[in-house]
$ cat input.cif   # mmCIF, C-alpha atoms and all ligand atoms
data_work
loop_
_atom_site.label_atom_id
_atom_site.label_comp_id
_atom_site.auth_asym_id
_atom_site.auth_seq_id
_atom_site.Cartn_x
_atom_site.Cartn_y
_atom_site.Cartn_z
CA MET A 1 -51.90 -69.99 93.01
CA LYS A 2 -50.33 -66.61 93.23
CA ASN A 3 -51.93 -64.33 90.67
CA ASN A 4 -48.70 -63.31 89.01
CA GLU A 5 -47.64 -66.94 88.42
CA CYS A 6 -51.02 -67.74 86.91
CA THR A 7 -50.77 -64.72 84.63
CA GLU A 8 -47.26 -65.76 83.60
CA ILE A 9 -48.44 -69.23 82.50
CA GLU A 10 -51.38 -67.73 80.65
CA SER A 11 -49.09 -65.28 78.93
CA ARG A 12 -46.75 -68.10 77.84
CA LEU A 13 -49.75 -70.01 76.50
CA SER A 14 -50.92 -66.89 74.62
CA GLN A 15 -47.50 -66.56 73.01
CA LEU A 16 -47.35 -70.23 72.05
CA LYS A 17 -50.98 -70.16 70.80
CA LEU A 18 -51.24 -73.93 70.44
CA VAL A 19 -51.13 -76.72 73.01
CA PRO A 20 -50.59 -80.30 71.84
CA VAL A 21 -53.01 -82.45 73.85
CA VAL A 22 -51.21 -85.76 74.24
CA SER A 23 -52.09 -89.18 75.65
CA VAL A 24 -48.61 -90.57 76.04
CA PRO A 25 -48.14 -94.36 76.07
CA SER A 26 -44.76 -94.48 77.88
CA VAL A 27 -42.11 -92.35 79.55
CA ASP A 28 -39.64 -92.88 76.69
CA THR A 29 -42.26 -91.79 74.20
CA GLY A 30 -42.97 -88.69 76.27
CA LEU A 31 -39.30 -87.74 76.32
CA ARG A 32 -38.98 -88.22 72.58
CA LEU A 33 -42.04 -86.05 72.02
CA ALA A 34 -40.75 -83.36 74.39
CA GLU A 35 -37.45 -83.19 72.50
CA ILE A 36 -39.25 -82.76 69.17
CA LEU A 37 -41.62 -80.12 70.54
CA ILE A 38 -38.76 -78.05 71.91
CA ARG A 39 -36.60 -78.44 68.79
CA CYS A 40 -39.51 -77.44 66.54
CA GLY A 41 -40.38 -74.34 68.56
CA LEU A 42 -43.52 -75.47 70.38
CA PRO A 43 -42.29 -76.08 73.96
CA VAL A 44 -45.61 -77.05 75.55
CA ALA A 45 -47.75 -80.16 76.12
CA GLU A 46 -50.95 -81.03 77.88
CA VAL A 47 -50.34 -84.56 79.12
CA THR A 48 -53.70 -86.23 79.70
CA PHE A 49 -54.47 -88.59 82.53
CA ARG A 50 -55.90 -91.02 79.98
CA THR A 51 -52.84 -93.23 80.13
CA SER A 52 -51.64 -94.84 83.34
CA CYS A 53 -48.12 -93.41 83.03
CA ALA A 54 -49.26 -89.76 82.77
CA ALA A 55 -47.72 -88.67 86.08
CA GLU A 56 -44.41 -90.41 85.33
CA VAL A 57 -44.37 -88.80 81.89
CA ILE A 58 -44.92 -85.33 83.37
CA LYS A 59 -42.19 -85.92 85.94
CA ALA A 60 -39.68 -87.14 83.36
CA MET A 61 -40.50 -84.33 80.93
CA LYS A 62 -39.97 -81.64 83.59
CA LYS A 63 -36.76 -83.29 84.82
CA GLU A 64 -35.18 -83.58 81.37
CA PHE A 65 -36.67 -80.48 79.75
CA SER A 66 -37.37 -77.84 82.38
CA GLU A 67 -38.15 -75.29 79.65
CA LEU A 68 -41.15 -77.34 78.50
CA LEU A 69 -44.44 -75.95 79.81
CA VAL A 70 -46.39 -78.98 81.01
CA LEU A 71 -50.10 -78.99 81.70
CA ALA A 72 -51.96 -81.97 83.13
CA GLY A 73 -55.13 -82.74 81.18
CA THR A 74 -58.27 -84.80 81.69
CA VAL A 75 -57.89 -84.35 85.44
CA LEU A 76 -61.05 -85.84 86.95
CA SER A 77 -60.42 -85.79 90.70
CA THR A 78 -58.62 -83.92 93.47
CA GLU A 79 -56.35 -86.96 93.87
CA GLN A 80 -55.25 -86.73 90.23
CA ALA A 81 -54.72 -82.98 90.64
CA ASP A 82 -52.39 -83.66 93.59
CA ILE A 83 -50.50 -86.34 91.65
CA ALA A 84 -50.14 -84.02 88.65
CA GLN A 85 -48.88 -81.14 90.78
CA GLY A 86 -46.48 -83.46 92.60
CA ALA A 87 -45.11 -84.60 89.24
CA GLY A 88 -44.41 -81.00 88.23
CA ALA A 89 -47.40 -79.98 86.11
CA GLU A 90 -47.82 -76.22 85.93
CA CYS A 91 -51.56 -76.15 85.26
CA ILE A 92 -54.48 -78.49 85.88
CA VAL A 93 -56.93 -78.80 82.99
CA ILE A 94 -60.38 -80.25 83.77
CA PRO A 95 -62.70 -81.26 80.92
CA GLY A 96 -65.69 -79.70 82.73
CA PHE A 97 -66.50 -77.50 85.70
CA GLN A 98 -66.08 -79.36 88.98
CA LYS A 99 -66.20 -77.09 92.01
CA GLU A 100 -64.31 -79.43 94.34
CA ILE A 101 -61.31 -79.81 92.01
CA VAL A 102 -61.24 -76.08 91.25
CA ALA A 103 -61.31 -75.16 94.96
CA HIS A 104 -58.66 -77.79 95.69
CA CYS A 105 -56.30 -76.38 93.04
CA GLN A 106 -56.82 -72.88 94.39
CA LEU A 107 -55.97 -74.12 97.88
CA ARG A 108 -52.85 -75.87 96.55
CA GLU A 109 -51.91 -72.76 94.60
CA ILE A 110 -51.75 -74.29 91.15
CA MET A 111 -53.33 -72.76 88.06
CA VAL A 112 -56.55 -74.51 87.07
CA CYS A 113 -58.31 -74.30 83.74
CA PRO A 114 -61.82 -75.78 84.06
CA GLY A 115 -63.86 -76.82 81.05
CA THR A 116 -66.90 -74.83 79.99
CA ALA A 117 -69.41 -75.37 77.20
CA THR A 118 -72.26 -73.12 78.37
CA PRO A 119 -72.75 -69.64 79.87
CA THR A 120 -73.80 -71.29 83.15
CA GLU A 121 -70.42 -73.01 83.48
CA VAL A 122 -68.58 -69.81 82.61
CA LEU A 123 -70.52 -68.06 85.38
CA GLN A 124 -69.63 -70.83 87.83
CA CYS A 125 -65.95 -70.33 87.02
CA MET A 126 -66.26 -66.56 87.41
CA THR A 127 -67.90 -67.03 90.79
CA MET A 128 -64.70 -68.78 91.87
CA GLY A 129 -62.51 -66.02 90.47
CA ILE A 130 -61.50 -67.88 87.30
CA GLU A 131 -61.64 -66.10 83.97
CA THR A 132 -59.24 -68.30 82.01
CA VAL A 133 -61.15 -71.40 80.97
CA LYS A 134 -61.18 -74.29 78.54
CA PHE A 135 -63.99 -74.43 75.97
CA PHE A 136 -64.76 -78.09 75.38
CA PRO A 137 -65.77 -79.84 73.19
CA ALA A 138 -65.29 -76.77 71.03
CA GLU A 139 -66.55 -77.81 67.63
CA VAL A 140 -69.67 -79.65 68.81
CA ALA A 141 -70.41 -77.10 71.55
CA GLY A 142 -70.97 -74.32 69.03
CA GLY A 143 -67.45 -73.54 67.86
CA VAL A 144 -66.48 -70.06 66.74
CA GLY A 145 -70.10 -68.82 66.75
CA MET A 146 -70.59 -69.83 70.37
CA LEU A 147 -67.37 -68.09 71.44
CA LYS A 148 -68.44 -64.90 69.66
CA ALA A 149 -71.75 -65.03 71.52
CA MET A 150 -69.92 -65.61 74.81
CA GLU A 151 -67.71 -62.58 74.21
CA ALA A 152 -70.74 -60.32 74.08
CA VAL A 153 -71.62 -61.14 77.69
CA PHE A 154 -68.34 -62.30 79.24
CA SER A 155 -65.95 -59.66 77.95
CA ASP A 156 -63.15 -60.51 80.41
CA VAL A 157 -63.21 -64.29 80.01
CA ARG A 158 -60.47 -65.93 77.93
CA PHE A 159 -61.00 -69.34 76.38
CA MET A 160 -58.78 -72.24 75.35
CA PRO A 161 -60.93 -74.15 72.84
CA THR A 162 -60.17 -77.84 72.42
CA GLY A 163 -62.10 -80.70 70.87
CA GLY A 164 -62.28 -80.79 67.09
CA ILE A 165 -59.57 -78.20 66.46
CA ASN A 166 -57.48 -79.04 63.39
CA PRO A 167 -55.09 -77.30 60.98
CA GLY A 168 -58.08 -76.13 58.94
CA ASN A 169 -59.98 -74.31 61.69
CA MET A 170 -57.25 -73.43 64.24
CA LYS A 171 -56.79 -69.91 62.93
CA ASP A 172 -60.53 -69.19 62.93
CA TYR A 173 -60.40 -69.70 66.68
CA LEU A 174 -57.13 -67.85 67.24
CA ARG A 175 -58.51 -64.78 65.48
CA LEU A 176 -61.15 -64.37 68.19
CA ASN A 177 -60.42 -61.73 70.85
CA ASN A 178 -61.49 -64.06 73.65
CA VAL A 179 -59.29 -67.02 72.63
CA PHE A 180 -55.81 -67.08 74.20
CA CYS A 181 -54.71 -70.42 72.75
CA CYS A 182 -56.10 -73.63 71.22
CA GLY A 183 -55.56 -77.26 72.15
CA GLY A 184 -55.50 -80.21 69.80
CA SER A 185 -54.52 -83.86 69.68
CA TRP A 186 -53.85 -84.03 65.95
CA LEU A 187 -50.18 -83.06 66.42
CA ALA A 188 -49.22 -86.27 68.21
CA PRO A 189 -52.02 -88.86 68.28
CA GLU A 190 -51.47 -91.74 70.69
CA ALA A 191 -51.63 -94.39 67.93
CA MET A 192 -48.94 -92.57 65.97
CA MET A 193 -46.67 -92.46 69.04
CA VAL A 194 -47.29 -96.19 69.69
CA GLU A 195 -46.28 -97.10 66.14
CA GLY A 196 -43.29 -94.78 66.35
CA ASN A 197 -44.23 -92.60 63.41
CA TRP A 198 -42.09 -89.68 64.60
CA THR A 199 -41.55 -88.41 61.07
CA GLU A 200 -45.24 -87.65 60.71
CA ILE A 201 -45.52 -86.22 64.23
CA GLU A 202 -42.60 -83.89 63.57
CA ARG A 203 -44.06 -82.92 60.19
CA ARG A 204 -47.36 -81.97 61.84
CA ILE A 205 -45.64 -79.93 64.56
CA VAL A 206 -43.42 -78.11 62.07
CA ALA A 207 -46.42 -77.38 59.83
CA ALA A 208 -48.45 -76.02 62.74
CA VAL A 209 -45.61 -73.82 64.01
CA SER A 210 -45.05 -72.40 60.54
CA ASP A 211 -48.78 -71.80 60.08
CA LEU A 212 -48.90 -69.94 63.41
CA GLN A 213 -46.17 -67.61 62.22
CA ARG A 214 -48.03 -66.70 59.01
C1 LIG B 301 -59.04 -82.60 74.95
O1 LIG B 301 -58.78 -83.41 75.82
O2 LIG B 301 -58.89 -81.40 75.11
C2 LIG B 301 -59.60 -83.08 73.67
O3 LIG B 301 -59.85 -84.43 73.71
C3 LIG B 301 -58.78 -82.75 72.48
O4 LIG B 301 -59.65 -82.85 71.45
P1 LIG B 301 -59.22 -83.37 69.99
O5 LIG B 301 -58.83 -84.80 70.15
O6 LIG B 301 -60.47 -83.22 69.15
O7 LIG B 301 -58.10 -82.50 69.52
#
$ encode --input "input.cif" --output "structure tokens"
Amino acid sequence: MKNNECTEIESRLSQLKLVPVVSVPSVDTGLRLAEILIRCGLPVAEVTFRTSCAAEVIKAMKKEFSELLVLAGTVLSTEQADIAQGAGAECIVIPGFQKEIVAHCQLREIMVCPGTATPTEVLQCMTMGIETVKFFPAEVAGGVGMLKAMEAVFSDVRFMPTGGINPGNMKDYLRLNNVFCCGGSWLAPEAMMVEGNWTEIERRIVAAVSDLQR
């Protein structure tokens, strides 16, 4: 990954502030979601590799909506990282720190955001030159208090908390100096996409975007 490209993606994420973490059940569903996200002013999604069509969804989203920033989430192996990059994902998100996947992404020049929940994992990321990390599972790993404690020792590290973020606590995280954006699945839960409840999904996205602007 060239440093300037990595910084550009991070800066887009910082502007957007919120990343919908989505487990998409089908390509059609993914395209419908992408259209809503763009129309409602939140042109970003972390598509998790928790559904078998994740790579196809990423590919279709990038083909139809090139302006959508697409991250690949729940990437658990170098093979999945390659598939995600091949499909057009702009960043690989790992739930934890896994040296082999991180090194592989660096070799393949794609931004990687490894998961951290402890100072040891943050240090492992820093050792590999990574200071933009995921903080997961945020709420149960110490939440806002833990991130404040981390800031005292890792002043240059920027976190993307996910796991337990909701409309009620999102802003508590975003107020922290060391948080560049939050991730959350409440905006478009898989079950809601399966049942086709797009009215509620759109309502949640619109509410979040308006809350971010306040
Ligand atoms: C993730 O993959 O980042 C989390 O599962 C999202 O957590 P949430 O479902 O609590 O928002």
$ residues_near_ligand --input "input.cif" --ligand "ligand LIG 301 (chain B)" --cutoff "8 Å" --atoms "all atoms listed in the file" --output "PyMOL selection string"
chain A and resi 21+48+73-74+95+136-137+161-166+183-186
$ axis_aligned_box --input "input.cif" --around "range 138-147 of chain A" --padding-each-side "6 Å" --output "AutoDock Vina command-line options"
--center_x -68.1 --center_y -73.9 --center_z 69.1 --size_x 17.7 --size_y 23.6 --size_z 16.8
$ residues_near_point --input "input.cif" --point "(-67.5, -63.2, 74.7)" --cutoff "12 Å" --atoms "all atoms listed in the file" --output "MDAnalysis selection string"
chainID A and resid 118:119 122 131 135 144:159 176:179
$ residues_near_point --input "input.cif" --point "(-41.5, -89.2, 74.0)" --cutoff "12 Å" --atoms "all atoms listed in the file" --output "CSV table (one decimal) with C-alpha atoms, in the coordinates of the input"
chain,number,residue,atom,x,y,z
A,22,VAL,CA,-51.2,-85.8,74.2
A,23,SER,CA,-52.1,-89.2,75.6
A,24,VAL,CA,-48.6,-90.6,76.0
A,25,PRO,CA,-48.1,-94.4,76.1
A,26,SER,CA,-44.8,-94.5,77.9
A,27,VAL,CA,-42.1,-92.4,79.6
A,28,ASP,CA,-39.6,-92.9,76.7
A,29,THR,CA,-42.3,-91.8,74.2
A,30,GLY,CA,-43.0,-88.7,76.3
A,31,LEU,CA,-39.3,-87.7,76.3
A,32,ARG,CA,-39.0,-88.2,72.6
A,33,LEU,CA,-42.0,-86.0,72.0
A,34,ALA,CA,-40.8,-83.4,74.4
A,35,GLU,CA,-37.4,-83.2,72.5
A,36,ILE,CA,-39.2,-82.8,69.2
A,37,LEU,CA,-41.6,-80.1,70.5
A,38,ILE,CA,-38.8,-78.0,71.9
A,45,ALA,CA,-47.8,-80.2,76.1
A,47,VAL,CA,-50.3,-84.6,79.1
A,53,CYS,CA,-48.1,-93.4,83.0
A,54,ALA,CA,-49.3,-89.8,82.8
A,56,GLU,CA,-44.4,-90.4,85.3
A,57,VAL,CA,-44.4,-88.8,81.9
A,58,ILE,CA,-44.9,-85.3,83.4
A,60,ALA,CA,-39.7,-87.1,83.4
A,61,MET,CA,-40.5,-84.3,80.9
A,64,GLU,CA,-35.2,-83.6,81.4
A,65,PHE,CA,-36.7,-80.5,79.8
A,188,ALA,CA,-49.2,-86.3,68.2
A,189,PRO,CA,-52.0,-88.9,68.3
A,190,GLU,CA,-51.5,-91.7,70.7
A,192,MET,CA,-48.9,-92.6,66.0
A,193,MET,CA,-46.7,-92.5,69.0
A,194,VAL,CA,-47.3,-96.2,69.7
A,196,GLY,CA,-43.3,-94.8,66.4
A,197,ASN,CA,-44.2,-92.6,63.4
A,198,TRP,CA,-42.1,-89.7,64.6
A,201,ILE,CA,-45.5,-86.2,64.2
A,202,GLU,CA,-42.6,-83.9,63.6
$ atom_distance --input "input.cif" --atom1 "CA of Tyr173 in chain A" --atom2 "CA of Ile101 in chain A"
27.3 Å
$ atom_distance --input "input.cif" --atom1 "CA of Gln85 in chain A" --atom2 "CA of Phe180 in chain A"
22.8 Å
$ atom_distance --input "input.cif" --atom1 "CA of Arg214 in chain A" --atom2 "CA of Gly168 in chain A"
13.8 Å
$ residues_around --input "input.cif" --residues "range 86-93 of chain A" --least-positions-apart "6" --cutoff "6 Å" --atoms "all atoms listed in the file" --output "ChimeraX atom specification"
/A:55,58-59,70-73,111-114
$ closest_residue --input "input.cif" --among "A:Lys63, A:Gln213, A:Ser52, A:Val44" --to "Leu18 in chain A" --atoms "all atoms listed in the file"
A:Val44
$ closest_residue --input "input.cif" --among "A:Leu212, A:His104, A:Arg203, A:Ser66" --to "Lys171 in chain A" --atoms "all atoms listed in the file"
A:Leu212
$ closest_residue --input "input.cif" --among "A:Met128, A:Ala103, A:Ala141, A:Leu16" --to "Cys182 in chain A" --atoms "only C-alpha atoms"
A:Leu16
$ closest_residue --input "input.cif" --among "A:Ile9, A:Leu68, A:Leu76, A:Leu42" --to "Ala208 in chain A" --atoms "all atoms listed in the file"
A:Leu42
$ closest_residue --input "input.cif" --among "A:Cys6, A:Leu69, A:Leu107, A:Met160" --to "Ile94 in chain A" --atoms "all atoms listed in the file"
A:Met160
$ closest_residue --input "input.cif" --among "A:Gly142, A:Pro167, A:Arg204, A:Asp82" --to "Arg108 in chain A" --atoms "all atoms listed in the file"
A:Asp82
$ decode --input "input.cif" --residues "range 182-196 of chain A" --atoms "all heavy atoms" --output "PDB file, in the first residue's frame"
ATOM      1  N   CYS A 182     -16.370   5.051  13.553  1.00  0.00           N
ATOM      2  CA  CYS A 182     -16.943   3.906  14.270  1.00  0.00           C
ATOM      3  C   CYS A 182     -17.557   2.943  13.259  1.00  0.00           C
ATOM      4  O   CYS A 182     -17.963   3.364  12.176  1.00  0.00           O
ATOM      5  CB  CYS A 182     -18.094   4.361  15.163  1.00  0.00           C
ATOM      6  SG  CYS A 182     -17.580   5.169  16.660  1.00  0.00           S
ATOM      7  N   GLY A 183     -17.667   1.685  13.643  1.00  0.00           N
ATOM      8  CA  GLY A 183     -18.361   0.726  12.791  1.00  0.00           C
ATOM      9  C   GLY A 183     -19.527   0.118  13.548  1.00  0.00           C
ATOM     10  O   GLY A 183     -19.441  -0.063  14.766  1.00  0.00           O
ATOM     11  N   GLY A 184     -20.606  -0.191  12.823  1.00  0.00           N
ATOM     12  CA  GLY A 184     -21.740  -0.792  13.522  1.00  0.00           C
ATOM     13  C   GLY A 184     -22.651  -1.530  12.570  1.00  0.00           C
ATOM     14  O   GLY A 184     -22.803  -1.136  11.408  1.00  0.00           O
ATOM     15  N   SER A 185     -23.260  -2.597  13.079  1.00  0.00           N
ATOM     16  CA  SER A 185     -24.136  -3.403  12.219  1.00  0.00           C
ATOM     17  C   SER A 185     -25.610  -3.037  12.378  1.00  0.00           C
ATOM     18  O   SER A 185     -26.445  -3.585  11.671  1.00  0.00           O
ATOM     19  CB  SER A 185     -23.933  -4.893  12.523  1.00  0.00           C
ATOM     20  OG  SER A 185     -24.410  -5.184  13.819  1.00  0.00           O
ATOM     21  N   TRP A 186     -25.903  -2.101  13.316  1.00  0.00           N
ATOM     22  CA  TRP A 186     -27.321  -1.817  13.551  1.00  0.00           C
ATOM     23  C   TRP A 186     -27.994  -1.138  12.360  1.00  0.00           C
ATOM     24  O   TRP A 186     -29.216  -1.187  12.207  1.00  0.00           O
ATOM     25  CB  TRP A 186     -27.481  -0.951  14.819  1.00  0.00           C
ATOM     26  CG  TRP A 186     -27.389   0.527  14.603  1.00  0.00           C
ATOM     27  CD1 TRP A 186     -28.424   1.381  14.298  1.00  0.00           C
ATOM     28  CD2 TRP A 186     -26.210   1.347  14.658  1.00  0.00           C
ATOM     29  NE1 TRP A 186     -27.948   2.672  14.172  1.00  0.00           N
ATOM     30  CE2 TRP A 186     -26.600   2.670  14.387  1.00  0.00           C
ATOM     31  CE3 TRP A 186     -24.857   1.075  14.920  1.00  0.00           C
ATOM     32  CZ2 TRP A 186     -25.684   3.728  14.367  1.00  0.00           C
ATOM     33  CZ3 TRP A 186     -23.953   2.126  14.904  1.00  0.00           C
ATOM     34  CH2 TRP A 186     -24.367   3.424  14.632  1.00  0.00           C
ATOM     35  N   LEU A 187     -27.224  -0.521  11.481  1.00  0.00           N
ATOM     36  CA  LEU A 187     -27.811   0.221  10.362  1.00  0.00           C
ATOM     37  C   LEU A 187     -28.503  -0.697   9.360  1.00  0.00           C
ATOM     38  O   LEU A 187     -29.545  -0.331   8.817  1.00  0.00           O
ATOM     39  CB  LEU A 187     -26.713   1.028   9.653  1.00  0.00           C
ATOM     40  CG  LEU A 187     -26.099   2.114  10.527  1.00  0.00           C
ATOM     41  CD1 LEU A 187     -24.662   2.362  10.143  1.00  0.00           C
ATOM     42  CD2 LEU A 187     -26.909   3.394  10.428  1.00  0.00           C
ATOM     43  N   ALA A 188     -27.920  -1.857   9.129  1.00  0.00           N
ATOM     44  CA  ALA A 188     -28.515  -2.784   8.154  1.00  0.00           C
ATOM     45  C   ALA A 188     -28.257  -4.225   8.604  1.00  0.00           C
ATOM     46  O   ALA A 188     -27.409  -4.924   8.035  1.00  0.00           O
ATOM     47  CB  ALA A 188     -27.923  -2.533   6.764  1.00  0.00           C
ATOM     48  N   PRO A 189     -28.991  -4.682   9.622  1.00  0.00           N
ATOM     49  CA  PRO A 189     -28.799  -6.049  10.093  1.00  0.00           C
ATOM     50  C   PRO A 189     -29.182  -7.060   9.005  1.00  0.00           C
ATOM     51  O   PRO A 189     -30.101  -6.813   8.213  1.00  0.00           O
ATOM     52  CB  PRO A 189     -29.768  -6.165  11.285  1.00  0.00           C
ATOM     53  CG  PRO A 189     -30.142  -4.764  11.642  1.00  0.00           C
ATOM     54  CD  PRO A 189     -30.022  -3.955  10.375  1.00  0.00           C
ATOM     55  N   GLU A 190     -28.475  -8.175   9.013  1.00  0.00           N
ATOM     56  CA  GLU A 190     -28.701  -9.188   7.963  1.00  0.00           C
ATOM     57  C   GLU A 190     -30.171  -9.636   7.919  1.00  0.00           C
ATOM     58  O   GLU A 190     -30.774  -9.718   6.844  1.00  0.00           O
ATOM     59  CB  GLU A 190     -27.774 -10.399   8.197  1.00  0.00           C
ATOM     60  CG  GLU A 190     -27.876 -11.421   7.081  1.00  0.00           C
ATOM     61  CD  GLU A 190     -26.939 -12.602   7.260  1.00  0.00           C
ATOM     62  OE1 GLU A 190     -26.171 -12.639   8.243  1.00  0.00           O
ATOM     63  OE2 GLU A 190     -26.991 -13.508   6.412  1.00  0.00           O
ATOM     64  N   ALA A 191     -30.761  -9.886   9.096  1.00  0.00           N
ATOM     65  CA  ALA A 191     -32.144 -10.375   9.129  1.00  0.00           C
ATOM     66  C   ALA A 191     -33.096  -9.363   8.483  1.00  0.00           C
ATOM     67  O   ALA A 191     -34.041  -9.731   7.765  1.00  0.00           O
ATOM     68  CB  ALA A 191     -32.570 -10.647  10.574  1.00  0.00           C
ATOM     69  N   MET A 192     -32.815  -8.096   8.700  1.00  0.00           N
ATOM     70  CA  MET A 192     -33.678  -7.049   8.139  1.00  0.00           C
ATOM     71  C   MET A 192     -33.556  -7.004   6.611  1.00  0.00           C
ATOM     72  O   MET A 192     -34.531  -6.755   5.890  1.00  0.00           O
ATOM     73  CB  MET A 192     -33.278  -5.710   8.759  1.00  0.00           C
ATOM     74  CG  MET A 192     -34.417  -4.772   8.995  1.00  0.00           C
ATOM     75  SD  MET A 192     -33.848  -3.313   9.866  1.00  0.00           S
ATOM     76  CE  MET A 192     -34.214  -3.765  11.539  1.00  0.00           C
ATOM     77  N   MET A 193     -32.326  -7.252   6.115  1.00  0.00           N
ATOM     78  CA  MET A 193     -32.133  -7.284   4.657  1.00  0.00           C
ATOM     79  C   MET A 193     -32.837  -8.510   4.073  1.00  0.00           C
ATOM     80  O   MET A 193     -33.471  -8.424   3.023  1.00  0.00           O
ATOM     81  CB  MET A 193     -30.635  -7.304   4.313  1.00  0.00           C
ATOM     82  CG  MET A 193     -29.959  -5.971   4.555  1.00  0.00           C
ATOM     83  SD  MET A 193     -28.282  -5.902   3.884  1.00  0.00           S
ATOM     84  CE  MET A 193     -27.322  -6.544   5.245  1.00  0.00           C
ATOM     85  N   VAL A 194     -32.745  -9.657   4.776  1.00  0.00           N
ATOM     86  CA  VAL A 194     -33.386 -10.883   4.289  1.00  0.00           C
ATOM     87  C   VAL A 194     -34.897 -10.686   4.181  1.00  0.00           C
ATOM     88  O   VAL A 194     -35.525 -11.063   3.195  1.00  0.00           O
ATOM     89  CB  VAL A 194     -33.048 -12.093   5.209  1.00  0.00           C
ATOM     90  CG1 VAL A 194     -33.911 -13.296   4.870  1.00  0.00           C
ATOM     91  CG2 VAL A 194     -31.572 -12.451   5.105  1.00  0.00           C
ATOM     92  N   GLU A 195     -35.478 -10.036   5.189  1.00  0.00           N
ATOM     93  CA  GLU A 195     -36.944  -9.867   5.141  1.00  0.00           C
ATOM     94  C   GLU A 195     -37.364  -8.678   4.268  1.00  0.00           C
ATOM     95  O   GLU A 195     -38.549  -8.454   4.042  1.00  0.00           O
ATOM     96  CB  GLU A 195     -37.530  -9.758   6.549  1.00  0.00           C
ATOM     97  CG  GLU A 195     -37.213  -8.474   7.288  1.00  0.00           C
ATOM     98  CD  GLU A 195     -37.488  -8.561   8.803  1.00  0.00           C
ATOM     99  OE1 GLU A 195     -37.515  -9.682   9.319  1.00  0.00           O
ATOM    100  OE2 GLU A 195     -37.652  -7.497   9.424  1.00  0.00           O
ATOM    101  N   GLY A 196     -36.364  -7.948   3.768  1.00  0.00           N
ATOM    102  CA  GLY A 196     -36.661  -6.848   2.849  1.00  0.00           C
ATOM    103  C   GLY A 196     -37.242  -5.619   3.522  1.00  0.00           C
ATOM    104  O   GLY A 196     -38.007  -4.862   2.906  1.00  0.00           O
TER     105      GLY A 196
END
